[in-house]
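Please read the structure below before turning to the comments.
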Amino acid sequence: MIEVKDICKSFGNLQVLKKVSLTVNNGDVVAVIGPSGSGKSTMLRCINRLEVIDGGSISVDGAEINGNDKQIRKIRQNMGMVFQSFNLFPHLTVYDNIALAPRLIHRKKKEELDPLVDELLQKVGLRDKKDSFPAQLSGGQQQRIAIARALAMKPNYMLFDEPTSALDPELIGEVLVVIRQLALEGMTMIIVTHEMNFARDTADRVVMMDGGQIIEEGAPDRLFQDPENERTRAFLHSVIGRQ
Ligand SMILES: Nc1ncnc2c1ncn2[C@@H]1O[C@H](COP(=O)(O)OP(=O)(O)OP(=O)(O)O)[C@@H](O)[C@H]1O
Ligand SMILES: [Mg+2]
């Protein structure tokens, strides 16, 4: 369980998060939507401590993140993060991209790594790409490998920051299929996305951010059909109007 309580974050004079609170129970799939600059990425980055918060608290499985290096390493291992830009290591094969962290951190040997990588590649539908380099893959394939790599540490939580925003439209579906499958398997996830149909059919809950705050939160059907907040309504209108 992830408990975010009243977190604040500023960059210089700019207050980017203003008392944001969010609870994610095990098995929850939470979609985060909202306009550019509203603080969505910053919130995710605070949750896995890529940013240090100025106020409030974040607890994972009941333990407050307190800045102790060992604890932060443990939390990061337990939270897979997938970014908009795939961030694969260009000089490593698909196999080595996926095997790197379990090899270095869990000291896994080839006998364990081979079946692990195979299982993960099967999950993302790319078993035949084991020996390819990232540059030999399409954007959608690279992002699916990035998901496999994040899953290699067997995390309990997955954080996605606009995982399909950098993709050509025809490649978006294949990545969403993989994320949807993880949701069906019960993975606990926070997904920042502009894909409203995906949010609607995959998330248990949608969180709308604006101006550094969560201004509305609810079941997808309710929030999309009948938003309570005027700014949610305007945002949905502008996004869905374009789709
Ligand atoms: N490292 C940083 N230094 C200074 N300002 C930052 C930094 N990171 C983010 N910001 C600012 O914080 C605000 C929120 O940024 P954030 O990336 O969280 O927004 P977002 O909701 O993810 O937007 P987008 O939909 O465009 O990704 C923006 O005004 C951004 O310019
Ligand atoms: Mg962002």
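Convention: chains lettered A, B, ... in structure tokens order; per-chain residue numbering from 1; ligands numbered from 1 as shown.
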Query - At most 10 Å from ligand 2 (only C-alpha atoms and all ligand atoms): residue list as a PyMOL selection string - result: chain A and resi 33-45+83-84+161-162+165+192-193
For N, CA, C and O atoms, I'd like the residues from the last selection saved as a PDB file, in the first residue's frame.
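What landed in part03.pdb:
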ATOM      1  N   ILE A  33      -4.599  11.865 -14.450  1.00  0.00           N
ATOM      2  CA  ILE A  33      -4.771  12.702 -15.633  1.00  0.00           C
ATOM      3  C   ILE A  33      -4.641  14.168 -15.220  1.00  0.00           C
ATOM      4  O   ILE A  33      -4.646  14.478 -14.022  1.00  0.00           O
ATOM      5  N   GLY A  34      -4.540  15.034 -16.204  1.00  0.00           N
ATOM      6  CA  GLY A  34      -4.469  16.460 -15.901  1.00  0.00           C
ATOM      7  C   GLY A  34      -3.587  17.176 -16.893  1.00  0.00           C
ATOM      8  O   GLY A  34      -2.786  16.554 -17.588  1.00  0.00           O
ATOM      9  N   PRO A  35      -3.743  18.509 -16.967  1.00  0.00           N
ATOM     10  CA  PRO A  35      -3.001  19.269 -17.970  1.00  0.00           C
ATOM     11  C   PRO A  35      -1.497  19.256 -17.754  1.00  0.00           C
ATOM     12  O   PRO A  35      -1.010  18.939 -16.669  1.00  0.00           O
ATOM     13  N   SER A  36      -0.780  19.612 -18.789  1.00  0.00           N
ATOM     14  CA  SER A  36       0.675  19.704 -18.730  1.00  0.00           C
ATOM     15  C   SER A  36       1.086  20.698 -17.646  1.00  0.00           C
ATOM     16  O   SER A  36       0.492  21.769 -17.521  1.00  0.00           O
ATOM     17  N   GLY A  37       2.074  20.310 -16.857  1.00  0.00           N
ATOM     18  CA  GLY A  37       2.570  21.195 -15.806  1.00  0.00           C
ATOM     19  C   GLY A  37       1.797  21.113 -14.505  1.00  0.00           C
ATOM     20  O   GLY A  37       2.096  21.830 -13.544  1.00  0.00           O
ATOM     21  N   SER A  38       0.811  20.210 -14.435  1.00  0.00           N
ATOM     22  CA  SER A  38      -0.018  20.145 -13.225  1.00  0.00           C
ATOM     23  C   SER A  38       0.668  19.407 -12.075  1.00  0.00           C
ATOM     24  O   SER A  38       0.164  19.399 -10.957  1.00  0.00           O
ATOM     25  N   GLY A  39       1.802  18.740 -12.346  1.00  0.00           N
ATOM     26  CA  GLY A  39       2.554  18.087 -11.271  1.00  0.00           C
ATOM     27  C   GLY A  39       2.473  16.572 -11.269  1.00  0.00           C
ATOM     28  O   GLY A  39       2.930  15.923 -10.332  1.00  0.00           O
ATOM     29  N   LYS A  40       1.953  15.980 -12.341  1.00  0.00           N
ATOM     30  CA  LYS A  40       1.766  14.525 -12.397  1.00  0.00           C
ATOM     31  C   LYS A  40       3.106  13.780 -12.290  1.00  0.00           C
ATOM     32  O   LYS A  40       3.262  12.871 -11.480  1.00  0.00           O
ATOM     33  N   SER A  41       4.055  14.177 -13.146  1.00  0.00           N
ATOM     34  CA  SER A  41       5.364  13.494 -13.120  1.00  0.00           C
ATOM     35  C   SER A  41       6.064  13.738 -11.791  1.00  0.00           C
ATOM     36  O   SER A  41       6.683  12.821 -11.237  1.00  0.00           O
ATOM     37  N   THR A  42       5.965  14.948 -11.294  1.00  0.00           N
ATOM     38  CA  THR A  42       6.636  15.263 -10.027  1.00  0.00           C
ATOM     39  C   THR A  42       6.074  14.392  -8.907  1.00  0.00           C
ATOM     40  O   THR A  42       6.826  13.879  -8.073  1.00  0.00           O
ATOM     41  N   MET A  43       4.771  14.185  -8.902  1.00  0.00           N
ATOM     42  CA  MET A  43       4.195  13.326  -7.860  1.00  0.00           C
ATOM     43  C   MET A  43       4.773  11.910  -7.958  1.00  0.00           C
ATOM     44  O   MET A  43       5.197  11.338  -6.953  1.00  0.00           O
ATOM     45  N   LEU A  44       4.804  11.349  -9.169  1.00  0.00           N
ATOM     46  CA  LEU A  44       5.371   9.996  -9.324  1.00  0.00           C
ATOM     47  C   LEU A  44       6.824   9.963  -8.884  1.00  0.00           C
ATOM     48  O   LEU A  44       7.262   9.039  -8.209  1.00  0.00           O
ATOM     49  N   ARG A  45       7.569  10.993  -9.280  1.00  0.00           N
ATOM     50  CA  ARG A  45       8.995  11.025  -8.956  1.00  0.00           C
ATOM     51  C   ARG A  45       9.222  11.147  -7.447  1.00  0.00           C
ATOM     52  O   ARG A  45      10.194  10.621  -6.922  1.00  0.00           O
ATOM     53  N   PHE A  83       9.106   5.199 -18.073  1.00  0.00           N
ATOM     54  CA  PHE A  83       9.003   6.603 -18.482  1.00  0.00           C
ATOM     55  C   PHE A  83       8.504   6.713 -19.915  1.00  0.00           C
ATOM     56  O   PHE A  83       8.481   5.736 -20.659  1.00  0.00           O
ATOM     57  N   GLN A  84       8.224   7.952 -20.273  1.00  0.00           N
ATOM     58  CA  GLN A  84       7.796   8.242 -21.639  1.00  0.00           C
ATOM     59  C   GLN A  84       8.877   7.857 -22.654  1.00  0.00           C
ATOM     60  O   GLN A  84       8.615   7.203 -23.654  1.00  0.00           O
ATOM     61  N   ASP A 161       4.847   6.700 -16.304  1.00  0.00           N
ATOM     62  CA  ASP A 161       4.679   8.124 -16.609  1.00  0.00           C
ATOM     63  C   ASP A 161       4.508   8.310 -18.109  1.00  0.00           C
ATOM     64  O   ASP A 161       5.479   8.308 -18.862  1.00  0.00           O
ATOM     65  N   GLU A 162       3.274   8.453 -18.531  1.00  0.00           N
ATOM     66  CA  GLU A 162       2.931   8.615 -19.945  1.00  0.00           C
ATOM     67  C   GLU A 162       3.674   7.613 -20.830  1.00  0.00           C
ATOM     68  O   GLU A 162       4.438   7.995 -21.720  1.00  0.00           O
ATOM     69  N   SER A 165       3.185   8.182 -24.709  1.00  0.00           N
ATOM     70  CA  SER A 165       3.160   9.527 -25.315  1.00  0.00           C
ATOM     71  C   SER A 165       4.192   9.734 -26.411  1.00  0.00           C
ATOM     72  O   SER A 165       4.017  10.597 -27.266  1.00  0.00           O
ATOM     73  N   VAL A 192       0.240   7.581 -15.173  1.00  0.00           N
ATOM     74  CA  VAL A 192      -0.057   8.905 -15.720  1.00  0.00           C
ATOM     75  C   VAL A 192      -0.293   8.715 -17.204  1.00  0.00           C
ATOM     76  O   VAL A 192       0.552   8.130 -17.905  1.00  0.00           O
ATOM     77  N   THR A 193      -1.432   9.137 -17.675  1.00  0.00           N
ATOM     78  CA  THR A 193      -1.740   8.877 -19.088  1.00  0.00           C
ATOM     79  C   THR A 193      -2.655   9.942 -19.677  1.00  0.00           C
ATOM     80  O   THR A 193      -3.419  10.592 -18.973  1.00  0.00           O
TER      81      THR A 193
END
Could you produce a table of the residues of range 116-170 of chain A lying within 10 Å of range 90-98 of chain A, with the nearest pair of atoms per residue and their separation in Å rounded to one decimal, using only C-alpha atoms, ordered by chain and increasing residue number, as CSV?
residue,atom,partner,partner_atom,distance
A:Leu116,CA,A:Ile98,CA,9.0
A:Val117,CA,A:Ile98,CA,6.5
A:Asp118,CA,A:Tyr95,CA,8.7
A:Leu120,CA,A:Ile98,CA,8.5
A:Leu121,CA,A:Tyr95,CA,8.9
A:Leu126,CA,A:Val94,CA,9.6
A:Arg127,CA,A:Val94,CA,9.9
A:Lys129,CA,A:Val94,CA,6.8
A:Lys130,CA,A:Tyr95,CA,5.1
A:Asp131,CA,A:Thr93,CA,5.5
A:Ser132,CA,A:Thr93,CA,5.4
A:Phe133,CA,A:Thr93,CA,4.5
A:Pro134,CA,A:Pro90,CA,5.7
A:Ala135,CA,A:Pro90,CA,6.9
A:Gln136,CA,A:Thr93,CA,9.9
A:Leu137,CA,A:Val94,CA,9.6
A:Gln142,CA,A:Val94,CA,8.9
A:Ile145,CA,A:Val94,CA,7.0
A:Ala146,CA,A:Ile98,CA,8.0
A:Ile147,CA,A:Ile98,CA,9.2
A:Ala148,CA,A:Ile98,CA,6.6
A:Arg149,CA,A:Ile98,CA,4.3
A:Ala150,CA,A:Ile98,CA,7.8
A:Leu151,CA,A:Ile98,CA,8.6
A:Ala152,CA,A:Ile98,CA,6.3
A:Met153,CA,A:Ile98,CA,9.2
**Report entry** Distance in Å - CA of Asp221 in chain A versus atom 22 (O, counted along the ligand's line) of ligand 1
**Finding:** 23.4 Å
Query raised in the report: Between A:Ile47, A:Ile2, A:Val52, A:Leu17, which one has atoms that come closest to ligand 1, using only C-alpha atoms and all ligand atoms?
Result: A:Leu17
Report task. Could you please write out, as a list in words, every residue of range 98-215 of chain A that DSSP assigns to strand (DSSP E or B)? Result ->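 Assigned to strand (DSSP E or B), within range 98-215 of chain A: Tyr157, Met158, Leu159, Phe160, Asp161, Thr188, Met189, Ile190, Ile191, Val192, Arg205, Val206, Val207, Met208, Met209, Asp210, Gln213, Ile214 and Ile215 of chain A.
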**Report entry** Pick from A:Val32, A:Lys154, A:Pro102, A:Ala219, whichever lies nearest to Glu195 in chain A using only C-alpha atoms
**Finding:**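 Using only C-alpha atoms, the shortest distance to Glu195 in chain A belongs to A:Val32.
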Query raised in the report: If you run DSSP on this backbone, which residues of range 97-225 of chain A come out as alpha helix (DSSP H), and could you give them as a PyMOL selection string?
Result: chain A and resi 97-105+110-123+139-151+169-184+196-202+220-225
Report task. Please provide as a VMD selection string all residues within 8 Å of Gly140 in chain A, with the sequence filter that same-chain residues fewer than 6 positions apart are discarded (counting only C-alpha atoms). Result -> chain A and resid 167 171 to 172 174 to 175
Query raised in the report: Using only C-alpha atoms, which residues sit within 10 Å of Val60 in chain A once same-chain residues fewer than 3 positions away are excluded, as a list in words?
Result: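 Selected residues are Met1, Ile2, Glu3, Val4, Val24, Ile47, Asn48, Ala63, Glu64, Ile65, Ile75, Asn78 and Tyr157 of chain A.
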